[in-house]
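Peer 1: Please find query.tsv (TSV, C-alpha atoms) on the next line:
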```
chain	number	residue	atom	x	y	z
A	1	MET	CA	-0.98	-152.17	-56.13
A	2	ASP	CA	-1.68	-148.82	-54.52
A	3	SER	CA	1.47	-147.21	-53.15
A	4	ILE	CA	0.32	-147.15	-49.53
A	5	GLU	CA	-0.82	-150.76	-49.69
A	6	LEU	CA	2.59	-151.69	-51.09
A	7	LEU	CA	4.26	-149.72	-48.33
A	8	LYS	CA	2.21	-151.59	-45.72
A	9	GLU	CA	3.36	-154.91	-47.15
A	10	LEU	CA	6.98	-153.83	-46.90
A	11	VAL	CA	6.57	-152.51	-43.35
A	12	ARG	CA	5.23	-155.90	-42.29
A	13	ILE	CA	8.61	-157.41	-43.19
A	14	ASP	CA	10.90	-156.97	-40.17
A	15	SER	CA	13.94	-156.19	-42.29
A	16	SER	CA	16.22	-155.41	-39.35
A	17	THR	CA	18.12	-158.67	-39.98
A	18	ILE	CA	20.04	-159.77	-43.06
A	19	LEU	CA	17.60	-162.65	-43.62
A	20	LYS	CA	14.49	-160.47	-43.62
A	21	ALA	CA	16.16	-157.57	-45.45
A	22	ASN	CA	16.97	-160.04	-48.21
A	23	GLU	CA	13.33	-161.16	-48.11
A	24	ALA	CA	12.29	-157.55	-48.69
A	25	ILE	CA	14.61	-157.39	-51.71
A	26	ASP	CA	13.01	-160.56	-53.09
A	27	TYR	CA	9.53	-159.18	-52.51
A	28	CYS	CA	10.33	-155.98	-54.44
A	29	SER	CA	12.02	-157.93	-57.23
A	30	ASN	CA	8.94	-160.11	-57.65
A	31	TYR	CA	6.61	-157.10	-57.49
A	32	LEU	CA	8.55	-155.27	-60.18
A	33	LYS	CA	8.71	-158.37	-62.37
A	34	GLU	CA	4.95	-158.86	-62.08
A	35	ASN	CA	4.62	-155.26	-63.29
A	36	GLY	CA	6.84	-155.65	-66.33
A	37	ILE	CA	10.31	-154.75	-65.06
A	38	ASP	CA	13.11	-157.29	-65.16
A	39	GLY	CA	16.05	-156.79	-62.85
A	40	GLU	CA	18.91	-158.68	-61.30
A	41	ILE	CA	19.76	-159.59	-57.74
A	42	ILE	CA	23.42	-159.24	-56.79
A	43	ILE	CA	24.64	-161.10	-53.70
A	44	ASN	CA	27.75	-159.97	-51.83
A	45	ASN	CA	28.78	-161.46	-48.49
A	46	GLY	CA	25.23	-162.77	-48.10
A	47	TYR	CA	23.56	-159.38	-48.66
A	48	LYS	CA	21.24	-158.87	-51.60
A	49	SER	CA	20.97	-155.82	-53.85
A	50	TYR	CA	18.45	-155.35	-56.66
A	51	VAL	CA	19.20	-153.44	-59.88
A	52	SER	CA	16.99	-152.73	-62.91
A	53	THR	CA	17.22	-150.22	-65.74
A	54	ILE	CA	14.70	-148.61	-68.07
A	55	GLY	CA	15.16	-146.11	-70.89
A	56	LYS	CA	17.96	-145.51	-73.36
A	57	GLY	CA	20.55	-142.80	-73.77
A	58	GLU	CA	24.04	-141.69	-72.87
A	59	LYS	CA	23.33	-140.51	-69.34
A	60	THR	CA	22.17	-142.57	-66.38
A	61	LEU	CA	20.11	-141.41	-63.41
A	62	ILE	CA	20.44	-143.62	-60.34
A	63	LEU	CA	17.55	-144.00	-57.90
A	64	ASN	CA	18.99	-145.53	-54.74
A	65	GLY	CA	17.17	-146.70	-51.62
A	66	HIS	CA	17.49	-149.17	-48.77
A	67	LEU	CA	14.97	-151.70	-47.50
A	68	ASP	CA	16.75	-152.59	-44.26
A	69	VAL	CA	15.63	-150.91	-41.04
A	70	VAL	CA	16.88	-150.57	-37.49
A	71	SER	CA	15.43	-152.92	-34.90
A	72	ALA	CA	12.05	-152.15	-33.35
A	73	LYS	CA	9.31	-153.52	-31.12
A	74	GLU	CA	7.25	-156.24	-32.76
A	75	SER	CA	4.19	-153.98	-32.79
A	76	GLN	CA	5.96	-151.48	-35.05
A	77	PHE	CA	5.87	-153.96	-37.91
A	78	THR	CA	2.08	-153.73	-37.98
A	79	PRO	CA	1.42	-150.50	-39.91
A	80	ILE	CA	-1.28	-148.21	-38.56
A	81	GLU	CA	-3.12	-145.44	-40.41
A	82	LYS	CA	-3.95	-142.39	-38.29
A	83	ASP	CA	-4.69	-138.77	-39.21
A	84	GLY	CA	-3.18	-139.04	-42.67
A	85	ARG	CA	-0.07	-140.78	-41.41
A	86	LEU	CA	1.19	-144.33	-41.74
A	87	ILE	CA	2.92	-145.32	-38.52
A	88	GLY	CA	5.47	-148.13	-38.33
A	89	ARG	CA	9.13	-149.00	-38.57
A	90	GLY	CA	10.57	-148.07	-41.96
A	91	THR	CA	7.60	-145.98	-43.09
A	92	ALA	CA	9.81	-142.88	-43.35
A	93	ASP	CA	13.29	-144.40	-43.31
A	94	MET	CA	12.96	-145.34	-46.03
A	95	LYS	CA	10.50	-147.83	-47.46
A	96	SER	CA	8.22	-145.00	-48.57
A	97	GLY	CA	11.05	-143.68	-50.73
A	98	CYS	CA	11.61	-147.14	-52.20
A	99	VAL	CA	7.90	-147.46	-52.99
A	100	ALA	CA	7.85	-144.09	-54.78
A	101	MET	CA	10.85	-145.08	-56.90
A	102	MET	CA	9.41	-148.49	-57.75
A	103	GLN	CA	6.05	-147.07	-58.75
A	104	ALA	CA	7.73	-144.38	-60.86
A	105	MET	CA	9.74	-147.04	-62.70
A	106	ILE	CA	6.59	-149.07	-63.41
A	107	LYS	CA	4.65	-146.07	-64.72
A	108	LEU	CA	7.52	-144.96	-66.97
A	109	LYS	CA	8.65	-148.33	-68.29
A	110	THR	CA	6.93	-148.00	-71.67
A	111	GLU	CA	7.79	-144.34	-72.29
A	112	ASN	CA	10.47	-143.25	-74.73
A	113	LEU	CA	12.90	-141.91	-72.15
A	114	THR	CA	15.94	-140.10	-73.53
A	115	ASN	CA	18.29	-141.41	-70.85
A	116	LYS	CA	18.66	-144.51	-68.68
A	117	ILE	CA	17.09	-144.77	-65.23
A	118	MET	CA	18.70	-147.30	-62.88
A	119	LEU	CA	16.85	-148.41	-59.76
A	120	GLN	CA	18.99	-149.75	-56.92
A	121	LEU	CA	17.47	-151.32	-53.80
A	122	VAL	CA	19.87	-152.42	-51.09
A	123	SER	CA	19.78	-154.27	-47.79
A	124	ASP	CA	22.55	-152.91	-45.54
A	125	GLU	CA	22.51	-149.10	-45.50
A	126	GLU	CA	21.72	-148.94	-41.78
A	127	THR	CA	24.90	-150.91	-41.03
A	128	GLY	CA	27.19	-148.95	-43.35
A	129	GLY	CA	26.35	-149.96	-46.91
A	130	GLU	CA	29.65	-151.71	-47.54
A	131	ASN	CA	28.12	-154.93	-48.85
A	132	CYS	CA	25.55	-153.37	-51.17
A	133	THR	CA	25.87	-149.82	-52.47
A	134	LYS	CA	29.65	-149.73	-52.00
A	135	HIS	CA	29.86	-153.04	-53.83
A	136	LEU	CA	27.64	-151.77	-56.66
A	137	VAL	CA	29.91	-148.74	-57.06
A	138	GLU	CA	32.98	-150.97	-57.14
A	139	GLU	CA	31.29	-153.13	-59.79
A	140	ASN	CA	30.66	-150.03	-61.95
A	141	TYR	CA	26.90	-149.69	-61.47
A	142	LEU	CA	27.48	-145.98	-61.93
A	143	GLY	CA	25.61	-142.99	-63.29
A	144	ASP	CA	25.70	-139.25	-63.82
A	145	PHE	CA	23.36	-138.15	-61.01
A	146	VAL	CA	22.02	-139.91	-57.92
A	147	ILE	CA	18.80	-139.41	-55.97
A	148	CYS	CA	18.58	-141.19	-52.61
A	149	THR	CA	14.98	-141.01	-51.41
A	150	GLU	CA	15.90	-140.77	-47.75
A	151	PRO	CA	13.27	-138.88	-45.72
A	152	THR	CA	13.77	-135.13	-46.18
A	153	ASN	CA	10.21	-133.79	-45.83
A	154	LEU	CA	10.22	-133.00	-49.58
A	155	LYS	CA	13.19	-130.69	-49.06
A	156	VAL	CA	16.19	-130.98	-51.35
A	157	SER	CA	19.18	-132.10	-49.32
A	158	ILE	CA	22.30	-131.12	-51.24
A	159	GLN	CA	25.02	-131.67	-48.64
A	160	SER	CA	25.96	-134.07	-45.88
A	161	LYS	CA	28.90	-134.26	-43.53
A	162	GLY	CA	31.87	-136.52	-44.09
A	163	ILE	CA	33.03	-139.08	-41.54
A	164	ILE	CA	36.35	-139.66	-39.79
A	165	ARG	CA	36.64	-142.46	-37.25
A	166	MET	CA	39.79	-142.62	-35.17
A	167	ASP	CA	41.28	-143.89	-31.94
A	168	ILE	CA	43.52	-141.76	-29.73
A	169	ILE	CA	45.79	-143.92	-27.58
A	170	SER	CA	47.17	-142.07	-24.57
A	171	HIS	CA	50.10	-143.47	-22.57
A	172	GLY	CA	50.79	-142.82	-18.91
A	173	ILE	CA	52.81	-144.23	-16.03
A	174	SER	CA	51.28	-146.70	-13.60
A	175	ALA	CA	51.56	-146.22	-9.81
A	176	HIS	CA	49.77	-147.26	-6.66
A	177	GLY	CA	46.26	-145.81	-6.46
A	178	SER	CA	46.99	-144.28	-3.06
A	179	ARG	CA	49.92	-142.31	-4.53
A	180	PRO	CA	48.60	-140.99	-7.87
A	181	TRP	CA	51.20	-138.19	-7.95
A	182	GLU	CA	53.87	-140.83	-8.57
A	183	GLY	CA	52.23	-141.88	-11.82
A	184	GLU	CA	50.70	-140.32	-14.93
A	185	ASN	CA	47.02	-141.04	-15.45
A	186	ALA	CA	46.34	-142.03	-19.06
A	187	ILE	CA	42.58	-141.53	-18.66
A	188	LEU	CA	43.11	-137.92	-17.62
A	189	LYS	CA	45.52	-137.48	-20.52
A	190	SER	CA	42.81	-138.80	-22.86
A	191	TYR	CA	40.39	-136.20	-21.54
A	192	GLU	CA	43.00	-133.48	-22.08
A	193	ASN	CA	43.57	-134.73	-25.63
A	194	PHE	CA	39.85	-134.66	-26.32
A	195	SER	CA	39.61	-131.09	-25.00
A	196	LYS	CA	42.48	-129.99	-27.24
A	197	ILE	CA	40.80	-131.51	-30.30
A	198	LYS	CA	37.50	-129.75	-29.57
A	199	GLU	CA	39.32	-126.40	-29.38
A	200	LEU	CA	41.07	-126.75	-32.75
A	201	GLU	CA	40.31	-123.88	-35.08
A	202	ILE	CA	39.52	-126.20	-37.99
A	203	MET	CA	36.78	-127.86	-35.95
A	204	ASN	CA	34.91	-124.57	-35.70
A	205	ILE	CA	34.95	-123.68	-39.38
A	206	GLY	CA	31.33	-123.65	-40.53
A	207	SER	CA	29.41	-123.08	-43.72
A	208	GLU	CA	25.98	-121.98	-44.92
A	209	PHE	CA	24.48	-125.15	-43.45
A	210	TYR	CA	26.79	-126.12	-40.58
A	211	GLU	CA	28.13	-124.36	-37.50
A	212	GLY	CA	31.17	-126.58	-37.54
A	213	THR	CA	32.51	-130.11	-37.35
A	214	SER	CA	31.02	-132.31	-34.63
A	215	ILE	CA	32.97	-134.75	-32.46
A	216	ASN	CA	31.36	-137.63	-30.59
A	217	LEU	CA	33.48	-139.29	-27.92
A	218	ALA	CA	31.97	-142.67	-28.66
A	219	VAL	CA	34.26	-145.21	-26.96
A	220	ILE	CA	36.60	-145.16	-23.97
A	221	ASN	CA	38.75	-148.01	-22.72
A	222	GLY	CA	41.17	-147.43	-19.87
A	223	GLY	CA	42.14	-148.78	-16.48
A	224	ASP	CA	41.56	-152.22	-15.00
A	225	ILE	CA	41.55	-152.00	-11.21
A	226	TYR	CA	40.72	-149.30	-8.68
A	227	ASN	CA	44.04	-149.19	-6.84
A	228	ARG	CA	46.33	-148.54	-9.79
A	229	VAL	CA	46.96	-145.43	-11.88
A	230	PRO	CA	46.07	-146.44	-15.46
A	231	ASP	CA	48.99	-146.32	-17.88
A	232	LYS	CA	46.99	-146.65	-21.10
A	233	CYS	CA	43.67	-145.31	-22.33
A	234	THR	CA	42.05	-145.40	-25.75
A	235	ILE	CA	39.23	-143.14	-26.85
A	236	GLY	CA	37.26	-143.65	-30.05
A	237	LEU	CA	36.05	-140.56	-31.88
A	238	ASP	CA	33.28	-140.25	-34.47
A	239	ILE	CA	34.00	-136.99	-36.28
A	240	ARG	CA	31.47	-135.56	-38.75
A	241	TYR	CA	33.22	-132.87	-40.75
A	242	VAL	CA	31.87	-130.01	-42.83
A	243	PRO	CA	31.98	-131.41	-46.37
A	244	ASN	CA	34.02	-128.64	-47.99
A	245	LEU	CA	36.91	-129.27	-45.55
A	246	ASP	CA	39.85	-131.56	-46.30
A	247	PRO	CA	39.74	-134.52	-43.87
A	248	LYS	CA	43.52	-134.93	-44.14
A	249	GLU	CA	43.98	-131.40	-42.78
A	250	ILE	CA	41.71	-132.25	-39.85
A	251	ILE	CA	43.72	-135.39	-39.08
A	252	GLU	CA	47.05	-133.54	-39.30
A	253	SER	CA	45.73	-130.80	-36.99
A	254	ILE	CA	44.75	-133.45	-34.45
A	255	LYS	CA	48.16	-135.14	-34.64
A	256	GLU	CA	49.86	-131.81	-33.91
A	257	VAL	CA	48.08	-131.23	-30.59
A	258	VAL	CA	47.50	-134.65	-29.02
A	259	ASP	CA	49.97	-136.43	-26.76
A	260	GLY	CA	49.54	-140.01	-27.91
A	261	ASP	CA	49.02	-142.22	-30.94
A	262	VAL	CA	46.42	-141.40	-33.59
A	263	VAL	CA	44.97	-144.39	-35.43
A	264	VAL	CA	42.53	-143.57	-38.22
A	265	SER	CA	40.12	-146.41	-39.06
A	266	ALA	CA	37.84	-144.71	-41.61
A	267	ILE	CA	37.59	-141.63	-43.80
A	268	GLU	CA	34.36	-141.18	-45.73
A	269	PRO	CA	33.62	-138.18	-47.94
A	270	GLY	CA	30.71	-135.86	-47.44
A	271	VAL	CA	28.30	-134.75	-50.12
A	272	TYR	CA	28.84	-131.21	-51.35
A	273	GLY	CA	26.25	-129.97	-53.83
A	274	GLU	CA	25.28	-126.48	-54.91
A	275	PRO	CA	21.80	-125.17	-55.83
A	276	THR	CA	23.27	-124.03	-59.15
A	277	ASP	CA	23.93	-127.62	-60.27
A	278	SER	CA	21.81	-128.25	-63.37
A	279	ASN	CA	20.30	-131.49	-62.05
A	280	ILE	CA	19.48	-129.95	-58.68
A	281	LYS	CA	17.79	-127.04	-60.46
A	282	LEU	CA	15.83	-129.49	-62.61
A	283	LEU	CA	14.65	-131.41	-59.53
A	284	SER	CA	13.65	-128.13	-57.87
A	285	GLU	CA	11.63	-127.19	-60.94
A	286	SER	CA	9.84	-130.55	-60.87
A	287	LEU	CA	8.92	-130.02	-57.23
A	288	ILE	CA	7.26	-126.69	-58.10
A	289	ARG	CA	5.58	-128.13	-61.20
A	290	ILE	CA	3.90	-130.83	-59.08
A	291	LEU	CA	3.37	-128.72	-55.94
A	292	PRO	CA	2.95	-125.11	-57.13
A	293	ASP	CA	2.39	-123.83	-53.60
A	294	ALA	CA	5.56	-125.43	-52.27
A	295	GLU	CA	8.71	-123.50	-51.55
A	296	VAL	CA	11.95	-125.15	-52.58
A	297	GLU	CA	14.12	-125.46	-49.50
A	298	TYR	CA	17.73	-126.60	-49.68
A	299	VAL	CA	18.96	-128.42	-46.60
A	300	ALA	CA	21.92	-130.50	-45.42
A	301	GLN	CA	22.31	-133.63	-43.33
A	302	HIS	CA	24.47	-134.23	-40.28
A	303	GLY	CA	24.46	-137.97	-40.90
A	304	GLY	CA	25.53	-139.85	-44.00
A	305	SER	CA	23.76	-142.05	-46.52
A	306	ASP	CA	24.81	-144.49	-49.22
A	307	GLY	CA	25.08	-141.49	-51.51
A	308	ARG	CA	28.59	-140.91	-50.15
A	309	TYR	CA	29.91	-143.84	-52.16
A	310	TYR	CA	28.92	-142.02	-55.34
A	311	ALA	CA	30.21	-138.69	-54.05
A	312	LYS	CA	33.57	-140.38	-53.58
A	313	LYS	CA	33.56	-140.94	-57.36
A	314	GLY	CA	32.73	-137.31	-58.02
A	315	ILE	CA	29.12	-138.11	-58.97
A	316	PRO	CA	26.60	-135.47	-57.75
A	317	VAL	CA	24.08	-136.73	-55.19
A	318	VAL	CA	20.95	-135.40	-53.52
A	319	GLU	CA	18.64	-136.82	-50.89
A	320	PHE	CA	14.98	-136.16	-51.57
A	321	GLY	CA	12.20	-138.04	-49.82
A	322	ALA	CA	8.76	-138.02	-48.26
A	323	LYS	CA	7.48	-136.16	-45.22
A	324	GLY	CA	7.68	-137.90	-41.88
A	325	ASN	CA	9.33	-137.95	-38.50
A	326	TYR	CA	10.74	-140.02	-35.63
A	327	TRP	CA	12.70	-142.41	-37.87
A	328	HIS	CA	14.54	-144.92	-35.69
A	329	GLY	CA	12.04	-144.06	-32.93
A	330	ASP	CA	8.93	-145.74	-31.54
A	331	ASP	CA	6.52	-143.40	-33.34
A	332	GLU	CA	8.09	-143.36	-36.81
A	333	TYR	CA	5.61	-142.26	-39.45
A	334	VAL	CA	5.27	-140.98	-42.99
A	335	GLU	CA	2.61	-138.61	-44.28
A	336	MET	CA	0.79	-140.76	-46.82
A	337	GLU	CA	-0.03	-137.96	-49.25
A	338	SER	CA	3.66	-137.08	-49.47
A	339	VAL	CA	4.45	-140.58	-50.76
A	340	TYR	CA	2.22	-139.96	-53.79
A	341	GLN	CA	3.70	-136.46	-54.17
A	342	LEU	CA	7.24	-137.83	-54.11
A	343	GLU	CA	6.35	-140.34	-56.82
A	344	LYS	CA	4.88	-137.60	-59.04
A	345	VAL	CA	7.92	-135.35	-58.61
A	346	LEU	CA	10.24	-138.22	-59.51
A	347	ILE	CA	8.18	-139.03	-62.62
A	348	ASP	CA	8.24	-135.39	-63.75
A	349	PHE	CA	11.98	-135.15	-63.15
A	350	ILE	CA	12.73	-138.40	-64.98
A	351	ARG	CA	10.71	-137.33	-68.02
A	352	ARG	CA	12.73	-134.11	-68.24
A	353	TYR	CA	16.10	-135.58	-67.30
```
Please go through the file and, once you have read it, give me the structure as structure tokens.
Peer 2:
Amino acid sequence: MDSIELLKELVRIDSSTILKANEAIDYCSNYLKENGIDGEIIINNGYKSYVSTIGKGEKTLILNGHLDVVSAKESQFTPIEKDGRLIGRGTADMKSGCVAMMQAMIKLKTENLTNKIMLQLVSDEETGGENCTKHLVEENYLGDFVICTEPTNLKVSIQSKGIIRMDIISHGISAHGSRPWEGENAILKSYENFSKIKELEIMNIGSEFYEGTSINLAVINGGDIYNRVPDKCTIGLDIRYVPNLDPKEIIESIKEVVDGDVVVSAIEPGVYGEPTDSNIKLLSESLIRILPDAEVEYVAQHGGSDGRYYAKKGIPVVEFGAKGNYWHGDDEYVEMESVYQLEKVLIDFIRRY
């Protein structure tokens, strides 16, 4: 099947639910089997992952992508071609990347590859990846280098921020709302704590790609009635830290300045790659070999991907995907020509890997 026609079929599957994301996994498994590639479906907590391997050798390249999407209007699951673009939910993020990887596997399946190529398709990246890619890592579906074909506009994304999620619980003293000076307002204390965290020196340490660590005040829970000074307030913070920083140092710095309890619920590593890495250089060379007029551009992501589960194991990861825009938005699209270009770059890289 032509790559864009395959992409249209996948876009028509509203894979924003576990049931339909699993259906997308089944569809791809059947498509690959019909084209000579046998794989396995792994089920964990009801979520399906697909894994297949071609080639032989000591090293393993992992091609990882997700078929689940965020929710959308019903009309977005009817793909539309316009001005060289395919518009629809999941076109960019990231069914186009999955299509390119699948087609590359099919075209290379009979070649005498000098190393193993492992394709992984998963169904829960948009909700955290804990049931699929994390599970695959824990079950030792590992390799030596990972390419996640998330949308990057054919730029080579070599870094992404790490994640810290925490609650800050501030304690005050309740009093009558008409006499607030007799109490201590825990909501105001939470705001003061948040201000102190933003001003920490470690939060403003940047790098080549990042101005500094970002902090999103994502949740606040305090107070219950209007005529009482609140004596407890909890704020939830989503911190995205520059990947070369130590998250434990960030947490300790926060504990030193806040007046309250610090409860850390998650620490996820970032991805920290360098252009000098041999695999990154090889991918860059493949990009120029296929698109001689292109300029290799190294970029970094503010958000995370399933690649972080491999980074946690010390396995180098890049994100490299098709051209598009507005993923998660109403007008999400992918440039159709870039899907074919992505496939060709992957094939060239795999042959030389």
Peer 1: Name the residues in contact with range 59-75 of chain A at a cut-off of 9 Å, using all atoms listed in the file, excluding same-chain residues fewer than 6 positions from it; report them as a PyMOL selection string.
Peer 2: chain A and resi 10+14-18+20-22+24-25+88-90+93-95+97-98+101+114-127+133+141-150+306-307+328-330+350+353
Peer 1: Could I get the residues of range 64-182 of chain A with an atom no further than 8 Å from an atom of range 257-266 of chain A, each paired with its nearest atom pair and that distance in Å to one decimal, using all atoms listed in the file, sorted by chain and residue number, as CSV?
Peer 2:
```
residue,atom,partner,partner_atom,distance
A:Ile163,CA,A:Ala266,CA,7.4
A:Ile164,CA,A:Ala266,CA,5.6
A:Arg165,CA,A:Ala266,CA,5.1
A:Met166,CA,A:Val264,CA,4.2
A:Asp167,CA,A:Val263,CA,5.1
A:Ile168,CA,A:Val262,CA,4.8
A:Ile169,CA,A:Asp261,CA,5.0
A:Ser170,CA,A:Gly260,CA,4.6
A:His171,CA,A:Gly260,CA,6.4
```
Peer 1: A:Glu297, A:Ile4, A:Pro230, A:Val219: which is nearest Val339 in chain A, counting all atoms listed in the file?
Peer 2: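 Of all the options, A:Ile4 lies closest to Val339 in chain A.
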Peer 1: Point out the residue among A:Asp83, A:Lys155, A:Glu9, A:Ser160 with the least atom-to-atom distance to Tyr31 in chain A, counting all atoms listed in the file.
Peer 2: A:Glu9
Peer 1: Mind pulling up the distance from CA of Gly162 in chain A to CA of Gly304 in chain A?
Peer 2: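 Atom-to-atom, CA of Gly304 in chain A and CA of Gly162 in chain A are spaced 7.2 Å apart.
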Peer 1: Quick one: pull the distance between CA of Ser286 in chain A and CA of Asn153 in chain A, Å, one decimal.
Peer 2: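 Taking CA of Ser286 in chain A and CA of Asn153 in chain A, their separation equals 15.4 Å.
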Peer 1: Could you tell me which of A:Ile173, A:Leu245, A:Leu86, A:Val99 comes closest to Met1 in chain A if we count only C-alpha atoms?
Peer 2: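 So, comparing all the options, the nearest one is A:Val99.
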Peer 1: Every residue with an atom at most 9 Å from (15.6, -159.0, -65.6) (file coordinates; all atoms listed in the file) is what I'm after, so could you write them as a ChimeraX atom specification?
Peer 2: /A:33,37-41,51-53
Peer 1: Please identify all polymer residues within 8 Å of Arg12 in chain A, counting only C-alpha atoms, omitting same-chain residues fewer than 3 positions from it, and present them as number ranges by chain.
Peer 2: A: 8-9, 77-79
Peer 1: For a cut-off of 6 Å around (36.7, -142.8, -27.7), file coordinates, pick out all residues using all atoms listed in the file and list them as a PyMOL selection string.
Peer 2: chain A and resi 217-220+235-237
Peer 1: With only C-alpha atoms as the counted atoms, please give the residues lying no more than 9 Å from Lys134 in chain A, apart from itself and same-chain residues fewer than 3 positions off, as a list in words.
Peer 2: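 My list of contacting residues is Gly129, Glu130, Asn131, Val137, Glu138, Glu139, Asp306, Tyr309 and Tyr310 of chain A.
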Peer 1: As an exercise, work out the distance from CA of Gly172 in chain A to CA of Asp238 in chain A in Å and give it to one decimal place.
Peer 2: 23.6 Å
Peer 1: Name the closest residue to Pro151 in chain A among the candidates A:Asn279, A:Thr213, A:Ser49, A:Ser96; distances are taken between atoms, counting only C-alpha atoms.
Peer 2: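 Closest to Pro151 in chain A of all the choices is A:Ser96.
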Peer 1: Which residue is closest to Leu346 in chain A? Choose from A:Val229, A:Ile54, A:Leu287, A:Ile202 and count only C-alpha atoms.
Peer 2: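 Smallest distance to Leu346 in chain A is found for A:Leu287.
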